[in-house]
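Quick notes on the structure that follows.
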Amino acid sequence: MAKGRIRVNSTKGNKWKKGESGSSNPKANKHRLAARGKFDSHLATANRAVESSLTSEALVAHALEHEDVPPLSSAIGETSIDDREDGSQTATSAHTSSVYSYIEAAHPLFGKVKTLWNSSLESHREICAVLAAVSEVIRTKEGKNTEVEYFATLMTALESTTDDEKAAASIAFLLSLVLPKVPVDVLQARCGAICKILMDTILAHNTSESCGLLRALVACLSTVLGAQPEGAWSESYLQRVFQLLLNFTVHAKPKLRKVAQGGVVSVLKEGTLGEGNFHPVAPLVAKHCKHVLESSGEDTSRLHILGMLKECLSHFPTEYVKSLCEAILKLMTLGNAMVRTTSLQVFHGLFSSLTEPQGLTAELCGRLISALYEYQPSLVDAQLLQAWLTVMLSAHTKLCSLQRDLGLAHLPLFITACIKCLESDKRQVTKMAASVVKTLLKDCIAPYLQTLKPEDEDAVNMKYVQKSFKAVESSLKYGYQSSWDLVLGMLGTFYEVAGKQCHKIMAKSLLSLCELRGTADFPHSSKLDETFGAAVTAMGPRIVLSAVPMQLDTNSATNHEFPRGWILPVLKEHVKNTELGFFVQDLLPLAAKMRAKSQQYQSQPVIAKVYDILQTQIWSLLPGFCTNPSDLATSFPSIAPILGKALTNDTSLAVNICQSLSLLVSGCKTTEDKALVGRFSKNYLPILFNLYSEPSAEAQHKGPILDSIQAYLSVTEQKLIESLFEKILLKLEQQDLPLNTKYLVLDLAQTFVPFLPVDLLTKLFTFITSLMDSADATLQKKAYSILKGLLSCEGPVARSFVMDHMEQLSTLLLESLSTSSTASKKPRLKCLLQIVSRSDFSSVEFLTSIIPEVILCTKEVNEKARALAYDLLVAMGNAAQHCYKKNAEDSMTAYIMVVLAGLAGSPRMASATLQALARLLYDFHDLLGVEIVKTLLTSACTLLSSRTREVVKSTLGLVKVVIGVLPALHLEPHLDDMVSSVLSWGEDSKNHFRLKARVILERLVRKFGYERVAGVVPEKHKKLIVHIEKMNERQKRKKREKHEQGGSGSESTRVSKPSYEDLMMDSSDDEKDVVPKKQAKKAVVKDSAWLKEGTMDDPLDFMSEGAIRRVVANRPRLAKPDSKKAQPFVINPEGKLVITEDDDVMTSGEPNKLPEPQDESVGGPLLNKGEVRKRKRGQLEVEDDDDDEEAGNTRGTGIHRKNPNKHEYNFDYGSEYRSKKAKGDMKRPGKPDPFAYVPLIKQKLDKRKQAKLSGQFNGLMNKARKGSTQGLKQHKQRK
């Protein structure tokens, strides 16, 4: 029994007499009545509502047309709703159905009411009853269920049911739904009558406890008042009605107050505008708000009015906005925190309002900004200070949009205030202040500077921008050290916004950044680099480096340190859209000096390497300067010869120069620029050809060189292209050309394909045709790559050539199949894919001929080749739909039948065919008929009995796809054969395919259910299917429990069609998301990279160009020492050399082996690697690390040495009590009893819990022993 539960006396008390057990039940039964049949309750409520007041004597007939609206007082008829022709009492169910039918037939705008039909609340049932009665009246009069009919009927009903609060509340609710849909003309024409009825009802129930009726009436009143024109507001009765609405804006009930305030705001915003774009009642609302704010009552009413002013303060005339702002500022001086916060929200709503009309002028906005400085909270009040910053931000943004000059004049003071906020200890305050400054720079200063002309840089407004920057720059002082990361972000934004126009005043800040960057242990180096990079991007490298020189050109013979060398990597990342001439004039000479100094210090390799790295870093800036340069026409002619010489003399610069040339060509937008760059083609292309065709060139240089060649060919004259290509063909036809050179020349030829005329394309095609029969696999691969480039070329000449020679191309690909090598499979498949994917492809013979080759390629070792083969199969399926000249289903059936023929081939062919069928079935299962599906399943069931494991494996994959994509209706007839075939393994393959078969059975169970699948499983496999069902139930239970606990949130919805890879997985859907810990760790190691260390003669140099080749994906194996070589000294198991003069140590006769050391704590030899020592009975288990080291009981890896100067003890507690003849302990004379007195708990006698409870006192004893040792040490220290 749980603790704290009171035990009830078991004796029997007094019993109720027979038949009187219910005498103590309460007499009231309202809950029982409410639960007794909802339909009956609807009927009763409807009858009560109708009997109370809703009679046709009270309803008024209205015309259906908008133009002719009759008076509201005209009668609709003389017959009551309850008066029936037959007068008989109908059945309850029939009447309930009729009531619900009226609600269903009501206007669609009552859709919300239809959801209340099954509600148990009495008010909801009342609404449904009223709607049914009104709908019945309209139907009786043969109405059309329009909004005007419902409006007229409900208004008449409301007028006649003023005294009945429940009925009036239901009618008013329905009326609030109807009025927004009633035409404005009707509301304007009957405004007086409508307002009279609504006001009479409001006054009649003004003291009601329930606010439902008043809330609906106020909503109706707001809708009617919002529809009135400008001239109607001169009527005194309409102003009295609006004053009634204003009185509810400070009502004590929040729901009613919210509706009233929303109505007032909607009238001001959406009503018909009067003179000056302000609503005629705006002064009335403003006077009411000011009266409440200045009254001497409680702050509750003021807070209510402030809540309404957040939405409508900007829609008052300027004089009222000014007076209300003064009243709000006076309230903020009272010291009430809630009033102050709400007042700031009101000002935020005023400044951030975008809807017209606007009563806030620029002059008033400036005065409010100045006044709000007096209410700036202290740095301690974080929440209020953030609100104040938000309000001031919206105020300055609004002022700049109203009058930019005045807004810019106010910015320096506010930015200074924000900088002061960086001194706060609250991180949220400092982040808010920095964010406000960034927003001001982007929204206020940036638009002004974008429209600034160069001759206006000395304008008055620029002084305000400079003052703002000085304020931000002042935050680089050490007083703001805790917020330097935020300061750097503000400076970076300022550089981006104003760096181009205000660079003259920013030089000092750049020097300050350099000093901070050189400070030891500066914590924000990366952020500072981003800020400095923003300055480089905005101002340009010329301005930045003139303000902050890199100081690389030093003439000192002893100082070879460059503290500003960090600028070069920053420049590399951020230089773009700048002057190419700066690189030519300043950086190229600097790179030449670094190269000269590197050669000067050849005798000192370290110093020479430093200067060589600096030269490389300077040249790495060239691609950034070539990205959309602003002075291409003037600077490129001067740098072009230098780049050509650099390519010829120093191949290490080839990557940077080639990337720069590619960027220059891609950035040429005009014809003049292309002509300028293309003028140097005759100089660059031969150099690049020679550089690429050199076999000694490094592999990482080949790609950029080839890209630059292809880019430069796009701006080269056609005559030059043809002459260069003819030279390439002549070089390829040389008989003594080395193969390595020939490979590279073929790559060059491929880059010319998009730019060649027809005659040269013909020569190239003839040449590659001869290479396809070559015995060299690489030549075949290059030939197919050129052919693939020709087929995929989008140029008009190449496309025309391919169309004219399509028959020759097809014949060439078919004839070269027998001579194609394995290495050329991938480019060959790309060629076939290009042909099949063409829109004009229609050759059934070609399609049929390549099917065997494509099927076999699905078994290729190369993963990309396999993926291409599957893509080609799908493309062939799409092409077959218009090649066979049939409908889609028949064409796909014919295509599948051709593929099925591969099952009659060798085991490898049959396995590949099954994989191809699985992929085709996945992509085109919607186009396969019942017969072809039957053929596939029959073939699969037959092949599952094959003795070839390769075939069985592919067949099981096909079965997985069949189960995953085909509907259960198609699989149902074949379920018995599928299950029996999957489970009929051979003896040699039973364990090999056990997991695959289990996955298939799991998917069948999910598709058909456990009972259906278990009925066709053979008896000897019943245990498997039972186990699968148990696992499924367990998974469902775990998911359900996890979902109930809220740990996993909402369950994810499964994709209707899983991917092909998911279908082929050898795991169930429930298991594939679970990754074991060991596998997860293994995956992390797999993605890591390793460095292959160098040898003693060739150490690893991280700055060398070949360092990237030392990065490997697998951990390199360390060279093992040769154990056969004799060592001059003895080596102990720890790998240490042992030098001793005692000859007795060498007892084994082996020079490299010590006698096996003994573990004194155990009394036996040390354990070998991989062995596990079990703790014997009575042996002390120590958990303290210090004790482990002293006792020699080492755990874990590493070197553990014993202390030779300390005597070691081996305690075997309880050994003196141990019996020699039996288990357990026995008493000894003169010694205490060998018992440990612990509570005897019955539950701890369970044998299943012995392992858990066996060591529960070990921790206690160890901690006690450790504490006593520490106490003894302290006692000795005191002495």
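Labels used: A, B, ... for chains in the order of the structure tokens, numbers from 1 for residues in each chain, and numbers from 1 for ligands as shown.
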>> Can you pull out the residues contacting A:Gln750? Cut-off 10 Å, using only C-alpha atoms, and skip same-chain residues under 5 positions away; I want them as a PyMOL selection string.
In response: chain A and resi 710+745+764+782-783+785-790
May I have the residues from that selection written out with N, CA and C atoms, as a PDB file, in the first residue's frame?
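Dumped to again.pdb:
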ATOM      1  N   GLN A 710      38.667  27.442 -72.676  1.00  0.00           N
ATOM      2  CA  GLN A 710      37.294  27.433 -73.193  1.00  0.00           C
ATOM      3  C   GLN A 710      36.654  28.814 -73.074  1.00  0.00           C
ATOM      4  N   VAL A 745      46.151  16.586 -75.804  1.00  0.00           N
ATOM      5  CA  VAL A 745      45.735  17.299 -77.014  1.00  0.00           C
ATOM      6  C   VAL A 745      44.277  16.988 -77.342  1.00  0.00           C
ATOM      7  N   LEU A 764      36.888  16.180 -87.298  1.00  0.00           N
ATOM      8  CA  LEU A 764      37.004  15.695 -85.923  1.00  0.00           C
ATOM      9  C   LEU A 764      36.225  14.403 -85.731  1.00  0.00           C
ATOM     10  N   LYS A 782      38.625   9.120 -74.280  1.00  0.00           N
ATOM     11  CA  LYS A 782      38.696  10.488 -74.785  1.00  0.00           C
ATOM     12  C   LYS A 782      37.805  10.661 -76.015  1.00  0.00           C
ATOM     13  N   ALA A 783      37.779   9.653 -76.902  1.00  0.00           N
ATOM     14  CA  ALA A 783      36.955   9.747 -78.105  1.00  0.00           C
ATOM     15  C   ALA A 783      35.472   9.829 -77.753  1.00  0.00           C
ATOM     16  N   SER A 785      34.273  10.907 -74.950  1.00  0.00           N
ATOM     17  CA  SER A 785      34.031  12.185 -74.286  1.00  0.00           C
ATOM     18  C   SER A 785      33.833  13.301 -75.312  1.00  0.00           C
ATOM     19  N   ILE A 786      34.645  13.283 -76.390  1.00  0.00           N
ATOM     20  CA  ILE A 786      34.465  14.291 -77.446  1.00  0.00           C
ATOM     21  C   ILE A 786      33.117  14.110 -78.128  1.00  0.00           C
ATOM     22  N   LEU A 787      32.731  12.864 -78.367  1.00  0.00           N
ATOM     23  CA  LEU A 787      31.436  12.602 -78.994  1.00  0.00           C
ATOM     24  C   LEU A 787      30.296  13.053 -78.090  1.00  0.00           C
ATOM     25  N   LYS A 788      30.433  12.841 -76.792  1.00  0.00           N
ATOM     26  CA  LYS A 788      29.407  13.303 -75.854  1.00  0.00           C
ATOM     27  C   LYS A 788      29.297  14.822 -75.873  1.00  0.00           C
ATOM     28  N   GLY A 789      30.464  15.527 -75.927  1.00  0.00           N
ATOM     29  CA  GLY A 789      30.434  16.980 -76.029  1.00  0.00           C
ATOM     30  C   GLY A 789      29.777  17.462 -77.305  1.00  0.00           C
ATOM     31  N   LEU A 790      29.981  16.731 -78.406  1.00  0.00           N
ATOM     32  CA  LEU A 790      29.335  17.086 -79.674  1.00  0.00           C
ATOM     33  C   LEU A 790      27.824  16.890 -79.598  1.00  0.00           C
TER      34      LEU A 790
END
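Between atom CA of A:Ser435 and atom CA of A:Gly307 the separation is 27.1 Å.
The space between atom CA of A:Pro623 and atom CA of A:Val548 spans 22.1 Å.
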>> Set the distance at 9 Å and use only C-alpha atoms: which residues neighbour A:Leu552 once local chain neighbours fewer than 4 positions away are removed? I'd like the list as a ChimeraX atom specification.
In response: /A:561-562,564-565,590,594,614
Quick one: residues within 8 Å of A:Leu663, only C-alpha atoms counted, chain neighbours fewer than 2 positions away excluded, as a PDB file with C-alpha atoms, in the first residue's frame?
ATOM      1  CA  PRO A 623      41.124  36.986 -59.394  1.00  0.00           C
ATOM      2  CA  CYS A 626      39.555  40.761 -62.312  1.00  0.00           C
ATOM      3  CA  THR A 627      35.986  40.360 -61.048  1.00  0.00           C
ATOM      4  CA  ASN A 628      34.068  43.118 -62.872  1.00  0.00           C
ATOM      5  CA  GLN A 659      41.115  31.963 -62.952  1.00  0.00           C
ATOM      6  CA  SER A 660      41.620  35.681 -63.514  1.00  0.00           C
ATOM      7  CA  LEU A 661      41.370  35.343 -67.290  1.00  0.00           C
ATOM      8  CA  VAL A 665      35.968  37.010 -70.016  1.00  0.00           C
ATOM      9  CA  SER A 666      32.800  36.175 -68.098  1.00  0.00           C
ATOM     10  CA  GLY A 667      32.578  39.783 -66.871  1.00  0.00           C
TER      11      GLY A 667
END
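Coordinates place atom CA of A:Glu950 at a distance of 20.4 Å from atom CA of A:Ile963.
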>> List the spatial neighbours of stretch 173-179 of chain A as a ChimeraX atom specification - criterion: any atom at most 7 Å away, only C-alpha atoms, same-chain residues fewer than 4 positions off excluded.
In response: /A:147,151,154,169,216,219-220,223
> Hey, what does DSSP flag as helix (DSSP H, G or I) within stretch 754-863 of chain A? Can you give it to me as a ChimeraX atom specification?
Replying inline: /A:754-755,758-771,777-792,796-804,806-815,825-836,844-857,863
>> For A:Ser891, find every residue with an atom within 12 Å (counting only C-alpha atoms), except residues of its own chain fewer than 5 positions away, and show them as a ChimeraX atom specification.
In response: /A:844,876-886,896-898,924,927-929,932
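Using only C-alpha atoms for every distance, the candidate list A:Ala749, A:Ala417, A:Ala901, A:Ala865 yields A:Ala749 as the residue closest to A:Phe689.
Around A:Ser301, within 9 Å and counting only C-alpha atoms, the residues found are Thr249, Val250, His251, Ala252, Val292, Leu293 and Leu306 of chain A, once anything fewer than 5 positions away on its own chain is removed.
Nearest residue to A:Gln228, choosing from A:Leu246, A:Val184, A:Met332, A:Ala409 and counting only C-alpha atoms: A:Val184.
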